[in-house]
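Chemist: For reference, this is upload.cif, and it has mmCIF, C-alpha atoms.
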```cif
data_input
#
loop_
_atom_site.label_atom_id
_atom_site.label_comp_id
_atom_site.auth_asym_id
_atom_site.auth_seq_id
_atom_site.Cartn_x
_atom_site.Cartn_y
_atom_site.Cartn_z
CA MET A 318 -42.78 30.55 -182.65
CA LYS A 319 -41.88 34.20 -182.08
CA ILE A 320 -41.20 35.37 -178.53
CA GLY A 321 -41.15 39.03 -177.50
CA VAL A 322 -40.56 40.82 -174.19
CA HIS A 323 -42.02 43.82 -172.42
CA PHE A 324 -41.43 45.49 -169.06
CA ASN A 325 -43.71 47.63 -166.87
CA TRP A 326 -41.43 50.59 -166.01
CA GLN A 327 -43.42 50.81 -162.79
CA ASN A 328 -42.64 52.55 -159.49
CA TYR A 329 -45.02 50.52 -157.34
CA ARG A 330 -43.51 51.66 -154.02
CA ASP A 331 -44.43 55.28 -154.75
CA TRP A 332 -48.22 54.86 -154.90
CA GLY A 333 -48.86 56.00 -151.29
CA ARG A 334 -46.81 59.19 -151.61
CA PHE A 335 -48.31 59.88 -155.05
CA LEU A 336 -51.93 59.50 -153.97
CA GLU A 337 -51.42 61.68 -150.89
CA LYS A 338 -49.38 64.24 -152.90
CA ARG A 339 -46.68 64.22 -150.24
CA PRO A 340 -43.72 66.45 -151.18
CA GLU A 341 -40.90 64.22 -149.89
CA ARG A 342 -38.59 62.27 -152.16
CA PRO A 343 -39.87 58.87 -153.38
CA GLN A 344 -38.57 55.77 -151.60
CA VAL A 345 -37.27 54.64 -155.00
CA SER A 346 -36.71 57.33 -157.60
CA ASP A 347 -38.16 57.10 -161.08
CA GLN A 348 -34.63 57.48 -162.36
CA GLU A 349 -33.55 54.30 -160.55
CA ILE A 350 -36.47 52.43 -162.13
CA TYR A 351 -35.45 53.74 -165.54
CA ASP A 352 -31.82 52.69 -165.12
CA GLU A 353 -32.88 49.17 -164.14
CA GLU A 354 -35.42 48.78 -166.92
CA ILE A 355 -33.06 50.15 -169.56
CA HIS A 356 -30.55 47.50 -168.49
CA LEU A 357 -33.13 44.71 -168.69
CA ALA A 358 -34.44 45.92 -172.05
CA SER A 359 -30.88 45.99 -173.38
CA LEU A 360 -30.74 42.20 -172.83
CA VAL A 361 -33.69 41.39 -175.11
CA GLU A 362 -31.69 41.33 -178.34
CA PRO A 363 -28.46 39.64 -177.19
CA LEU A 364 -30.38 36.90 -175.33
CA GLY A 365 -32.08 35.87 -178.56
CA PHE A 366 -35.63 37.15 -178.18
CA ASP A 367 -37.47 38.23 -181.32
CA SER A 368 -39.09 41.53 -180.37
CA TYR A 369 -39.47 44.27 -177.78
CA TRP A 370 -42.85 45.82 -176.94
CA ALA A 371 -43.79 49.07 -175.20
CA ILE A 372 -46.82 50.08 -173.13
CA ASP A 373 -48.47 53.50 -173.49
CA HIS A 374 -49.15 55.16 -170.12
CA HIS A 375 -48.67 58.54 -168.44
CA PHE A 376 -48.93 60.55 -165.24
CA THR A 377 -48.89 57.88 -162.46
CA PRO A 378 -46.42 55.33 -161.00
CA TYR A 379 -48.33 52.55 -162.81
CA VAL A 380 -46.32 52.56 -166.06
CA MET A 381 -43.88 55.36 -166.82
CA THR A 382 -42.98 54.90 -170.49
CA GLY A 383 -44.28 58.36 -171.37
CA GLY A 384 -45.69 57.00 -174.61
CA ALA A 385 -45.03 53.82 -176.55
CA LEU A 386 -43.79 55.36 -179.79
CA GLN A 387 -41.24 57.69 -178.17
CA HIS A 388 -40.10 54.77 -176.02
CA LEU A 389 -39.58 52.46 -179.00
CA THR A 390 -37.79 55.13 -181.01
CA TYR A 391 -35.04 55.14 -178.38
CA PHE A 392 -34.67 51.37 -178.47
CA ALA A 393 -34.70 51.34 -182.27
CA GLY A 394 -31.36 53.13 -182.06
CA LYS A 395 -30.05 50.73 -179.41
CA THR A 396 -30.73 47.54 -181.40
CA SER A 397 -30.18 46.15 -184.87
CA ARG A 398 -32.09 42.85 -185.19
CA ILE A 399 -35.28 42.64 -183.12
CA ASP A 400 -38.76 43.72 -184.17
CA PHE A 401 -40.96 46.13 -182.20
CA GLY A 402 -44.57 46.37 -181.07
CA THR A 403 -46.88 48.70 -179.16
CA MET A 404 -49.22 47.36 -176.52
CA ILE A 405 -50.94 49.65 -177.03
CA VAL A 406 -51.03 53.17 -178.47
CA VAL A 407 -54.12 54.79 -176.92
CA LEU A 408 -55.38 56.69 -179.95
CA PRO A 409 -57.94 59.03 -178.28
CA TRP A 410 -55.24 60.78 -176.23
CA TYR A 411 -53.32 62.17 -179.19
CA ASP A 412 -53.72 64.22 -182.29
CA PRO A 413 -53.89 61.49 -184.96
CA MET A 414 -51.49 63.39 -187.21
CA VAL A 415 -48.85 63.21 -184.47
CA ILE A 416 -49.30 59.42 -184.28
CA ALA A 417 -49.13 59.06 -188.06
CA ASP A 418 -45.96 61.16 -188.11
CA GLN A 419 -44.27 59.30 -185.24
CA VAL A 420 -45.10 55.91 -186.75
CA SER A 421 -43.49 56.94 -190.05
CA VAL A 422 -40.29 58.03 -188.30
CA LEU A 423 -40.08 54.81 -186.28
CA ASP A 424 -40.80 52.71 -189.37
CA ASN A 425 -37.90 54.36 -191.17
CA LEU A 426 -35.51 54.09 -188.23
CA LEU A 427 -36.19 50.34 -188.04
CA GLN A 428 -34.81 49.98 -191.59
CA GLY A 429 -36.98 47.04 -192.55
CA ARG A 430 -37.63 45.49 -189.15
CA GLN A 431 -41.27 44.73 -188.34
CA LEU A 432 -43.41 47.21 -186.41
CA THR A 433 -46.62 45.74 -184.99
CA LEU A 434 -48.95 48.57 -184.11
CA GLY A 435 -51.31 47.63 -181.28
CA VAL A 436 -54.02 50.23 -180.66
CA GLY A 437 -56.79 50.81 -178.13
CA ARG A 438 -58.95 53.48 -176.49
CA GLY A 439 -57.76 53.58 -172.85
CA ALA A 440 -59.68 53.48 -169.59
CA ALA A 441 -57.91 55.66 -166.98
CA VAL A 442 -59.56 58.99 -166.17
CA ARG A 443 -56.29 60.51 -164.90
CA GLU A 444 -54.79 60.08 -168.34
CA PHE A 445 -57.84 61.43 -170.19
CA ASP A 446 -57.93 64.41 -167.82
CA GLY A 447 -54.19 65.01 -168.20
CA PHE A 448 -54.54 65.12 -171.97
CA ARG A 449 -57.74 67.19 -171.62
CA VAL A 450 -59.80 64.69 -173.62
CA PRO A 451 -63.34 63.83 -172.41
CA MET A 452 -63.37 60.12 -171.61
CA GLY A 453 -66.89 59.76 -172.98
CA GLU A 454 -65.57 60.70 -176.42
CA ALA A 455 -63.00 57.89 -176.46
CA ARG A 456 -64.80 55.52 -178.81
CA GLY A 457 -65.57 58.19 -181.41
CA ARG A 458 -62.06 59.62 -181.27
CA PHE A 459 -60.58 56.12 -181.53
CA ASN A 460 -62.61 55.33 -184.65
CA GLU A 461 -61.67 58.59 -186.36
CA SER A 462 -58.01 58.30 -185.39
CA LEU A 463 -57.83 54.76 -186.75
CA ALA A 464 -59.40 55.89 -190.03
CA ILE A 465 -56.90 58.75 -190.32
CA LEU A 466 -53.95 56.49 -189.57
CA ARG A 467 -55.08 54.07 -192.25
CA LEU A 468 -55.42 56.90 -194.75
CA ALA A 469 -51.92 58.09 -193.93
CA LEU A 470 -50.54 54.58 -194.42
CA SER A 471 -52.35 53.97 -197.69
CA GLN A 472 -52.28 57.33 -199.52
CA GLU A 473 -49.54 59.89 -200.02
CA TRP A 474 -52.07 62.74 -199.98
CA PHE A 475 -55.20 62.55 -197.84
CA SER A 476 -57.76 64.64 -195.98
CA PHE A 477 -60.39 63.91 -193.34
CA ASP A 478 -63.62 65.59 -192.24
CA GLY A 479 -64.95 64.07 -189.02
CA GLU A 480 -66.72 65.06 -185.82
CA TYR A 481 -63.50 65.36 -183.79
CA TYR A 482 -60.78 65.84 -186.39
CA LYS A 483 -60.76 67.91 -189.56
CA ILE A 484 -57.58 67.56 -191.60
CA PRO A 485 -56.89 69.49 -194.80
CA GLU A 486 -55.15 67.72 -197.65
CA THR A 487 -51.69 66.81 -196.42
CA SER A 488 -49.04 64.09 -196.49
CA ILE A 489 -46.66 62.41 -194.04
CA ARG A 490 -42.89 62.76 -194.41
CA PRO A 491 -40.74 60.82 -194.32
CA GLY A 492 -42.86 58.48 -196.36
CA TYR A 493 -43.49 55.13 -194.71
CA ARG A 494 -40.91 52.46 -195.45
CA ASN A 495 -43.31 49.51 -194.96
CA PRO A 496 -46.88 50.88 -194.96
CA GLN A 497 -48.64 47.69 -196.05
CA ARG A 498 -46.80 45.58 -193.47
CA ILE A 499 -47.90 47.99 -190.74
CA LEU A 500 -51.49 47.90 -191.97
CA ASP A 501 -51.47 44.10 -192.13
CA ARG A 502 -50.02 43.79 -188.59
CA MET A 503 -52.28 46.26 -186.76
CA ARG A 504 -53.80 44.75 -183.64
CA ILE A 505 -56.37 45.81 -181.07
CA ALA A 506 -56.80 45.01 -177.37
CA TRP A 507 -60.38 45.14 -176.11
CA SER A 508 -62.53 44.46 -173.06
CA SER A 509 -66.05 45.56 -173.99
CA PRO A 510 -68.21 42.90 -175.73
CA GLU A 511 -69.25 45.12 -178.63
CA THR A 512 -65.64 45.84 -179.61
CA LEU A 513 -64.85 42.28 -180.76
CA PRO A 514 -67.07 42.21 -183.88
CA ILE A 515 -66.20 45.83 -184.68
CA ALA A 516 -62.48 45.05 -184.57
CA ALA A 517 -62.90 41.87 -186.60
CA ASN A 518 -64.95 43.67 -189.26
CA ALA A 519 -62.30 46.39 -189.39
CA GLY A 520 -59.69 43.82 -190.40
CA LEU A 521 -57.58 44.31 -187.26
CA GLY A 522 -55.66 41.54 -185.53
CA MET A 523 -55.94 40.40 -181.91
CA LEU A 524 -53.73 41.48 -179.00
CA MET A 525 -54.65 39.62 -175.81
CA THR A 526 -53.38 41.41 -172.73
CA ASN A 527 -54.11 39.10 -169.80
CA GLN A 528 -57.59 40.38 -169.00
CA LYS A 529 -59.45 37.05 -169.13
CA SER A 530 -58.83 33.32 -168.84
CA TRP A 531 -57.07 31.48 -171.65
CA ASP A 532 -60.25 29.48 -172.38
CA GLU A 533 -62.27 32.69 -172.68
CA TYR A 534 -59.67 34.06 -175.05
CA GLY A 535 -59.96 30.86 -177.11
CA LYS A 536 -63.69 31.53 -177.51
CA ASP A 537 -62.87 35.09 -178.56
CA VAL A 538 -60.52 33.80 -181.26
CA ALA A 539 -63.28 31.55 -182.62
CA ALA A 540 -65.79 34.43 -182.61
CA PHE A 541 -63.30 36.82 -184.17
CA ASN A 542 -62.51 34.42 -186.98
CA SER A 543 -66.21 33.76 -187.55
CA VAL A 544 -66.60 37.43 -188.47
CA ARG A 545 -63.63 37.15 -190.78
CA ALA A 546 -65.16 34.03 -192.37
CA GLU A 547 -68.37 35.95 -193.11
CA ARG A 548 -66.31 38.44 -195.06
CA GLY A 549 -64.36 35.79 -196.90
CA TRP A 550 -61.13 36.49 -195.01
CA LYS A 551 -58.65 33.91 -193.78
CA PRO A 552 -58.53 33.22 -190.02
CA THR A 553 -55.95 35.01 -187.94
CA GLN A 554 -54.04 34.22 -184.75
CA PRO A 555 -53.47 36.48 -181.74
CA THR A 556 -50.46 37.95 -180.03
CA VAL A 557 -50.75 36.90 -176.36
CA VAL A 558 -49.15 38.57 -173.31
CA VAL A 559 -48.01 36.28 -170.47
CA ARG A 560 -46.28 36.97 -167.13
CA THR A 561 -43.28 34.71 -166.64
CA THR A 562 -41.08 33.64 -163.72
CA CYS A 563 -38.49 31.01 -164.60
CA PHE A 564 -36.20 29.69 -161.85
CA ASP A 565 -34.36 26.53 -160.84
CA THR A 566 -37.07 25.64 -158.33
CA GLU A 567 -40.85 25.67 -158.58
CA GLU A 568 -41.03 27.22 -155.09
CA GLU A 569 -39.06 30.35 -156.00
CA ALA A 570 -40.95 30.75 -159.25
CA TRP A 571 -44.36 30.58 -157.57
CA GLU A 572 -43.40 32.81 -154.64
CA THR A 573 -42.16 35.41 -157.10
CA MET A 574 -45.21 35.12 -159.36
CA ALA A 575 -47.71 35.24 -156.49
CA ARG A 576 -46.19 38.12 -154.55
CA HIS A 577 -45.65 40.41 -157.47
CA SER A 578 -48.90 39.54 -159.26
CA LEU A 579 -50.79 40.78 -156.20
CA GLU A 580 -48.79 44.01 -156.32
CA SER A 581 -49.40 44.37 -160.03
CA SER A 582 -53.14 43.88 -159.58
CA GLU A 583 -53.24 46.53 -156.85
CA SER A 584 -51.28 48.95 -159.03
CA SER A 585 -53.78 48.41 -161.85
CA ARG A 586 -56.70 49.02 -159.49
CA LEU A 587 -55.20 52.28 -158.26
CA HIS A 588 -54.29 53.55 -161.71
CA TYR A 589 -57.68 52.84 -163.29
CA GLN A 590 -59.62 53.86 -160.16
CA PHE A 591 -61.93 50.87 -160.44
CA ASP A 592 -63.51 51.78 -157.09
CA ASP A 593 -65.19 54.77 -158.75
CA VAL A 594 -68.15 52.73 -159.95
CA GLU A 595 -70.46 55.68 -160.60
CA ARG A 596 -67.99 57.35 -162.92
CA PHE A 597 -67.81 54.24 -165.11
CA LYS A 598 -71.58 53.85 -165.06
CA ASN A 599 -72.00 57.43 -166.24
CA THR A 600 -69.24 57.49 -168.87
CA LYS A 601 -70.38 56.55 -172.35
CA GLY A 602 -68.64 53.42 -173.61
CA TYR A 603 -67.26 52.39 -170.20
CA GLU A 604 -70.35 51.10 -168.44
CA GLN A 605 -69.03 47.51 -168.32
CA TYR A 606 -66.05 48.63 -166.21
CA ALA A 607 -68.40 49.39 -163.32
CA LYS A 608 -68.48 45.63 -162.65
CA LEU A 609 -64.79 45.75 -161.74
CA GLY A 610 -65.45 48.01 -158.77
CA ALA A 611 -68.50 46.13 -157.49
CA GLY A 612 -66.32 44.35 -154.95
CA LYS A 613 -62.58 44.06 -154.49
CA ALA A 614 -61.39 40.54 -155.29
CA SER A 615 -59.68 38.60 -152.50
CA ASP A 616 -55.99 37.79 -152.74
CA GLU A 617 -56.91 34.13 -153.26
CA THR A 618 -59.14 35.01 -156.22
CA ILE A 619 -56.49 37.22 -157.77
CA LEU A 620 -53.90 34.46 -157.45
CA GLU A 621 -56.18 31.82 -158.93
CA ARG A 622 -57.27 33.99 -161.87
CA GLY A 623 -54.29 36.23 -162.44
CA ALA A 624 -51.20 34.36 -161.27
CA ARG A 625 -51.62 30.59 -161.35
CA PRO A 626 -52.52 30.44 -165.08
CA GLN A 627 -49.32 32.32 -166.03
CA ALA A 628 -45.99 30.75 -167.05
CA TRP A 629 -44.08 30.04 -163.84
CA GLY A 630 -41.86 27.25 -162.58
CA THR A 631 -38.70 25.46 -163.68
CA PRO A 632 -37.69 25.76 -167.35
CA ASP A 633 -39.50 22.50 -168.18
CA GLN A 634 -42.66 23.65 -166.36
CA VAL A 635 -42.61 27.07 -168.03
CA PHE A 636 -42.26 25.46 -171.46
CA GLU A 637 -45.22 23.15 -170.83
CA LYS A 638 -47.37 26.00 -169.53
CA LEU A 639 -46.63 28.13 -172.57
CA LYS A 640 -47.46 25.17 -174.80
CA HIS A 641 -50.80 24.92 -172.98
CA ILE A 642 -51.49 28.65 -173.40
CA GLN A 643 -50.66 28.39 -177.10
CA ALA A 644 -53.05 25.46 -177.50
CA SER A 645 -55.77 27.31 -175.56
CA THR A 646 -55.51 30.56 -177.54
CA SER A 647 -53.87 29.56 -180.86
CA ALA A 648 -51.29 32.29 -180.18
CA GLU A 649 -48.91 32.93 -183.05
CA GLU A 650 -46.52 34.80 -180.76
CA PHE A 651 -46.02 35.52 -177.07
CA VAL A 652 -44.98 38.76 -175.40
CA LEU A 653 -43.52 37.87 -172.01
CA ASN A 654 -43.31 40.12 -168.95
CA PHE A 655 -40.36 39.18 -166.73
CA ARG A 656 -40.67 42.02 -164.17
CA PHE A 657 -43.77 43.36 -162.40
CA GLY A 658 -44.69 44.79 -159.01
CA THR A 659 -41.64 45.39 -156.80
CA MET A 660 -39.60 42.52 -158.24
CA ASP A 661 -35.86 43.15 -157.97
CA ALA A 662 -34.15 43.81 -161.28
CA GLU A 663 -31.55 41.17 -160.39
CA LYS A 664 -34.22 38.53 -159.89
CA ALA A 665 -35.95 39.49 -163.15
CA GLU A 666 -32.63 39.18 -164.97
CA ARG A 667 -31.96 35.72 -163.52
CA SER A 668 -35.39 34.57 -164.65
CA MET A 669 -34.94 36.07 -168.10
CA ARG A 670 -31.49 34.57 -168.63
CA LEU A 671 -32.56 31.09 -167.53
CA PHE A 672 -35.58 31.28 -169.81
CA ALA A 673 -33.44 32.40 -172.75
CA ALA A 674 -30.99 29.54 -172.22
CA GLU A 675 -33.38 26.66 -171.59
CA VAL A 676 -36.88 27.57 -172.83
CA LEU A 677 -36.50 30.01 -175.71
CA PRO A 678 -34.80 27.58 -178.14
CA ARG A 679 -37.61 25.04 -177.63
CA LEU A 680 -40.28 27.67 -178.25
CA HIS A 681 -38.51 28.79 -181.41
CA ASP A 682 -38.86 25.20 -182.64
CA LEU A 683 -42.57 25.09 -181.75
CA GLU A 684 -45.06 25.45 -184.59
CA PRO A 685 -47.81 27.86 -183.43
CA GLY A 686 -50.83 25.98 -184.73
CA LEU A 687 -54.35 27.34 -185.16
CA ASP A 688 -56.83 25.02 -183.45
CA VAL A 689 -59.58 23.82 -185.77
CA THR A 690 -62.25 25.06 -183.33
CA MET A 691 -60.86 28.61 -183.57
CA ARG A 692 -60.81 28.90 -187.35
CA GLY A 693 -64.21 30.58 -187.39
CA ALA A 694 -67.64 29.22 -188.20
CA VAL A 695 -70.71 30.81 -189.75
CA THR A 696 -74.17 29.76 -188.54
CA GLY A 697 -76.95 28.53 -190.80
CA ASP A 698 -78.44 32.02 -191.05
CA GLY A 699 -75.15 33.35 -192.39
CA HIS A 700 -74.11 35.12 -189.19
CA ALA A 701 -71.24 34.50 -186.81
CA ASP A 702 -72.13 32.77 -183.56
CA PHE A 703 -70.94 34.89 -180.61
CA GLU A 704 -70.89 33.99 -176.95
CA SER A 705 -71.38 36.77 -174.42
CA GLU A 706 -68.16 38.32 -173.18
CA LYS A 707 -67.58 38.56 -169.46
CA ALA A 708 -66.22 41.65 -167.80
CA PRO A 709 -62.43 41.53 -167.41
CA THR A 710 -60.99 40.58 -164.02
CA SER A 711 -58.11 43.05 -164.39
CA LEU A 712 -56.42 45.28 -166.90
CA GLY A 713 -52.96 44.38 -168.10
CA PHE A 714 -51.75 47.94 -168.58
#
```
Could you render the structure from this file as C-alpha cells?

Modeler:
Amino acid sequence: MKIGVHFNWQNYRDWGRFLEKRPERPQVSDQEIYDEEIHLASLVEPLGFDSYWAIDHHFTPYVMTGGALQHLTYFAGKTSRIDFGTMIVVLPWYDPMVIADQVSVLDNLLQGRQLTLGVGRGAAVREFDGFRVPMGEARGRFNESLAILRLALSQEWFSFDGEYYKIPETSIRPGYRNPQRILDRMRIAWSSPETLPIAANAGLGMLMTNQKSWDEYGKDVAAFNSVRAERGWKPTQPTVVVRTTCFDTEEEAWETMARHSLESSESSRLHYQFDDVERFKNTKGYEQYAKLGAGKASDETILERGARPQAWGTPDQVFEKLKHIQASTSAEEFVLNFRFGTMDAEKAERSMRLFAAEVLPRLHDLEPGLDVTMRGAVTGDGHADFESEKAPTSLGF
C-alpha cells in the first residue's frame, strides 16, 4: 500500500489578531511556521514515505501554502524519489490556462515521478472574494476549467468557447511529459450529493478528505463504482486522508489527537465562515453548507466524529486502525497528516519518525483490497442505486 504525507501550514494562534485586524506582530510569525513545516516536509522522502501532497488555500491563517502547484514545484526540486499530489487545486479561482501551464512545468520537473491531480471547487468566500470570482459561479467555472485542462492534456493544439472562458487555438509548452498518467490519476473531493454521480460519469477518481465517517465513505465508493459499472468501466479505489498521532503510549497519542483536532475544527469553521448560514443558502451550488452553521457542534461531538475515528495510539494500534479504515473505504492509498492545530513541530516529528520506523513497513506490505460490496452494482432498471448523502460534519481543508 502507498502512504503519502501532507501538512497544514497553519498559523492557528493568529486567528484572533487576524479577525480583529489588529496591527501588532503575530504571536507566532508565518515565517516560523514555514521554517518548521519545511523541515517536516523534508523528512517525507528520507523516512521512506511514498508521496507528498499539498493543499490549495490563500489569504487566512487556516492554510498558508499560497497554492498547491507552486508549493509542489519547490519540493520537486528538493526531492528525487517521491511522487506528488494536490488536495486539491480549486479550479474556479484561477485562469485555467495558468493551471494547465503550471501542471506541465511540474510534470516535467518531476522527470517521470507520478503527479496525482486532485481538483475541486472551493467553499470559502474570503478566497473567492480575494480572487474576485463570484462564488455562485463556482460550479460552472469548475466544469469549464476541467474541460480545458483535459483538452490541454490530450491535444497539442486546442481551443475552447464557453460561458466563462474563451480560448483561441493555442498549445502548452513545455509539452506534458506524462499527460495520460495525469488524466488517469485525476481525482475529485466533493461534499454536495449531486457531485458524486457527476464526478463518476466524468471518469474522475475519488479523493476522500475526512468530511464524513468511514462507513459513509464506503457507501460512496459503492455508489461511485455503480456509475462506472453502468458505463462499462472497471471499479476504482479512493485516496483517503487520515490524521495520525503515533506515540509510545496510547494516552499521549489520544491527548494529542483530541486537543489539536478541536483546534483544527475551529480553524476550519473560522476559515469557511460556516456561521453565515444565509450566505450559503443564497449562493447557488452551496445551499447544503447552510446545515453546517445550523448549530455549532459540541466538543464531545467533534471528538467522537472527527478525532476518535482517526489513526492514533501506539504503533500497533495505529496499524490496526489504518487497516480498519482501509477495509471500510477500500482505500488504495493513504495521505497522512501528522501536524494540525497548534501541535509542536517537535512532537509531530516524533510521531512521524515512530510511524515510519514501526508502522510504515507493515503498511507497505499490506495489499489494499477492494471490498466486494464496493465494486459497484447496477439495479434491475439499469441504473445505479444511490443512497442520499449527508451534509459533511467538517471540511478537511

Chemist: For a quick check of understanding, using only C-alpha atoms, which of A:Ala393, A:Ala506, A:Leu639, A:Met404 has the smallest distance to Gln428 (chain A)?

Modeler: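 Looking only at the distances to Gln428 (chain A), the closest residue turns out to be A:Ala393.
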
Chemist: Once the PyMOL selection byres ((chain A and resi 691) around 8) is applied to the coordinates I shared, what remains selected? I want it as a PyMOL selection string.

Modeler: chain A and resi 535-536+538-540+542+647+687-690+692-693

Chemist: Which residues would end up in the selection if the PyMOL selection byres ((chain A and resi 668-675) around 8) were applied here, given that I need the answer as a PyMOL selection string?

Modeler: chain A and resi 364-366+562-564+632+655+664-667+676-679

Chemist: Name the closest residue to His323 (chain A) among the candidates A:Leu434, A:Val559, A:Ile350, A:Leu463; distances are taken between atoms, counting all atoms listed in the file.

Modeler: A:Val559

Chemist: Go through A:Thr512, A:Ser584, A:Gln528, A:Ser368 and flag the residue nearest Val322 (chain A), using all atoms listed in the file for the distances.

Modeler: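 The shortest atom-to-atom distance to Val322 (chain A) comes from A:Ser368.
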
Chemist: If you apply the PyMOL selection byres ((chain A and resi 553) around 7) to this file, what residues do you get, as JSON, numbers by chain?

Modeler: {"A": [522, 542, 551, 552, 554, 555]}

Chemist: Write out, as a compact mmCIF listing (two decimals), in the coordinates of the input, the residues just selected, with C-alpha atoms.

Modeler:
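After the write, out.txt holds the following:
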```txt
# COMPACT_ATOMS: atom_id res chain seq x y z
CA GLY A 522 -55.66 41.54 -185.53
CA ASN A 542 -62.51 34.42 -186.98
CA LYS A 551 -58.65 33.91 -193.78
CA PRO A 552 -58.53 33.22 -190.02
CA GLN A 554 -54.04 34.22 -184.75
CA PRO A 555 -53.47 36.48 -181.74
```

Chemist: Find the residues around Glu353 (chain A) up to 12 Å (all atoms listed in the file counted), leave out those fewer than 5 positions away in its own chain, and share them as a PyMOL selection string.

Modeler: chain A and resi 324-328+345-348+358-360+656+660-666

Chemist: Around (-51.3, 38.0, -159.8), as given in the file, which residues come within 10 Å? Count all atoms listed in the file and list them as a list in words.

Modeler: Arg560, Thr573, Met574, Ala575, Arg576, His577, Ser578, Leu579, Glu580, Ser581, Ser582, Glu583, Asp616, Glu617, Thr618, Ile619, Leu620, Glu621, Arg622, Gly623, Ala624, Arg625, Pro626, Gln627, Phe657, Gly658 and Ser711 of chain A

Chemist: Counting only C-alpha atoms, which of A:Asn654, A:Thr631, A:Ser585, A:Ser508 gets nearest to Tyr606 (chain A)?

Modeler: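 Smallest distance to Tyr606 (chain A) is found for A:Ser508.
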
Chemist: Expressed in Å to a single decimal, how great is the separation between CA of Thr403 (chain A) and CA of Glu650 (chain A)?

Modeler: 14.0 Å

Chemist: Quick one: everything within 8 Å of region 472-476 of chain A, counting all atoms listed in the file, minus sequence neighbours fewer than 4 positions away in the same chain. Send it as a list in words.

Modeler: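 Selected residues are Leu468, Lys483, Ile484, Pro485, Glu486, Thr487, Ser488, Ile489 and Gly492 of chain A.
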
Chemist: Using all atoms listed in the file, which residue out of A:Val652, A:Met452, A:Leu336, A:Ile465 lies closest to Pro413 (chain A)?

Modeler: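 Closest to Pro413 (chain A), using all atoms listed in the file: A:Ile465.
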
Chemist: Could you check the closest approach to Trp410 (chain A) for each of A:Phe459, A:Trp629, A:Tyr534, A:Phe597 and tell me which residue wins, using all atoms listed in the file?

Modeler: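 For Trp410 (chain A), the nearest of the candidates is A:Phe459.
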
Chemist: Could you check which residues have any atom within 7 Å of (-53.9, 56.6, -180.6), counting all atoms listed in the file with coordinates taken straight from the file, and then list them as a PDB file with C-alpha atoms, in the frame of the given file?

Modeler:
```
ATOM      1  CA  VAL A 406     -51.030  53.170-178.470  1.00  0.00           C
ATOM      2  CA  VAL A 407     -54.120  54.790-176.920  1.00  0.00           C
ATOM      3  CA  LEU A 408     -55.380  56.690-179.950  1.00  0.00           C
ATOM      4  CA  PRO A 409     -57.940  59.030-178.280  1.00  0.00           C
ATOM      5  CA  TRP A 410     -55.240  60.780-176.230  1.00  0.00           C
ATOM      6  CA  TYR A 411     -53.320  62.170-179.190  1.00  0.00           C
ATOM      7  CA  PRO A 413     -53.890  61.490-184.960  1.00  0.00           C
ATOM      8  CA  ILE A 416     -49.300  59.420-184.280  1.00  0.00           C
ATOM      9  CA  VAL A 436     -54.020  50.230-180.660  1.00  0.00           C
ATOM     10  CA  GLY A 437     -56.790  50.810-178.130  1.00  0.00           C
ATOM     11  CA  PHE A 459     -60.580  56.120-181.530  1.00  0.00           C
ATOM     12  CA  SER A 462     -58.010  58.300-185.390  1.00  0.00           C
TER      13      SER A 462
END
```

Chemist: CA of Asp424 (chain A) and CA of Leu389 (chain A) are how many Å apart?

Modeler: 10.4 Å

Chemist: Find the residues near Met414 (chain A): any atom within 8 Å, counting only C-alpha atoms, skip ones fewer than 3 places away on the same chain, and give them as a list in words.

Modeler: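 Once the adjacent positions are removed, what remains is Ala417, Asp418, Ile465 and Leu466 of chain A.
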
Chemist: How big is the axis-aligned box around the listed atoms of region 599-603 of chain A once 4 Å is added on each side, and where is its centre? Give both in Å to one decimal, as AutoDock Vina command-line options.

Modeler:
```
--center_x -69.6 --center_y 54.9 --center_z -169.9 --size_x 12.7 --size_y 13.1 --size_z 15.4
```

Chemist: When you draw a straight line from CA of Tyr603 (chain A) to CA of Thr556 (chain A), how long is it in Å?

Modeler: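 Going from CA of Tyr603 (chain A) over to CA of Thr556 (chain A) covers 24.2 Å.
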
Chemist: With a distance cut-off of 9 Å and all atoms listed in the file, select the neighbouring residues of Leu386 (chain A), excluding the residue or stretch itself and same-chain residues fewer than 2 positions from it, and output the selection as a list in words.

Modeler: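 Listed by chain and then number, they are Ala371, Asp373, Gly383, Gly384, His388, Leu389, Thr390, Tyr391, Thr403, Val406, Ile416, Gln419, Val420 and Leu423 of chain A.
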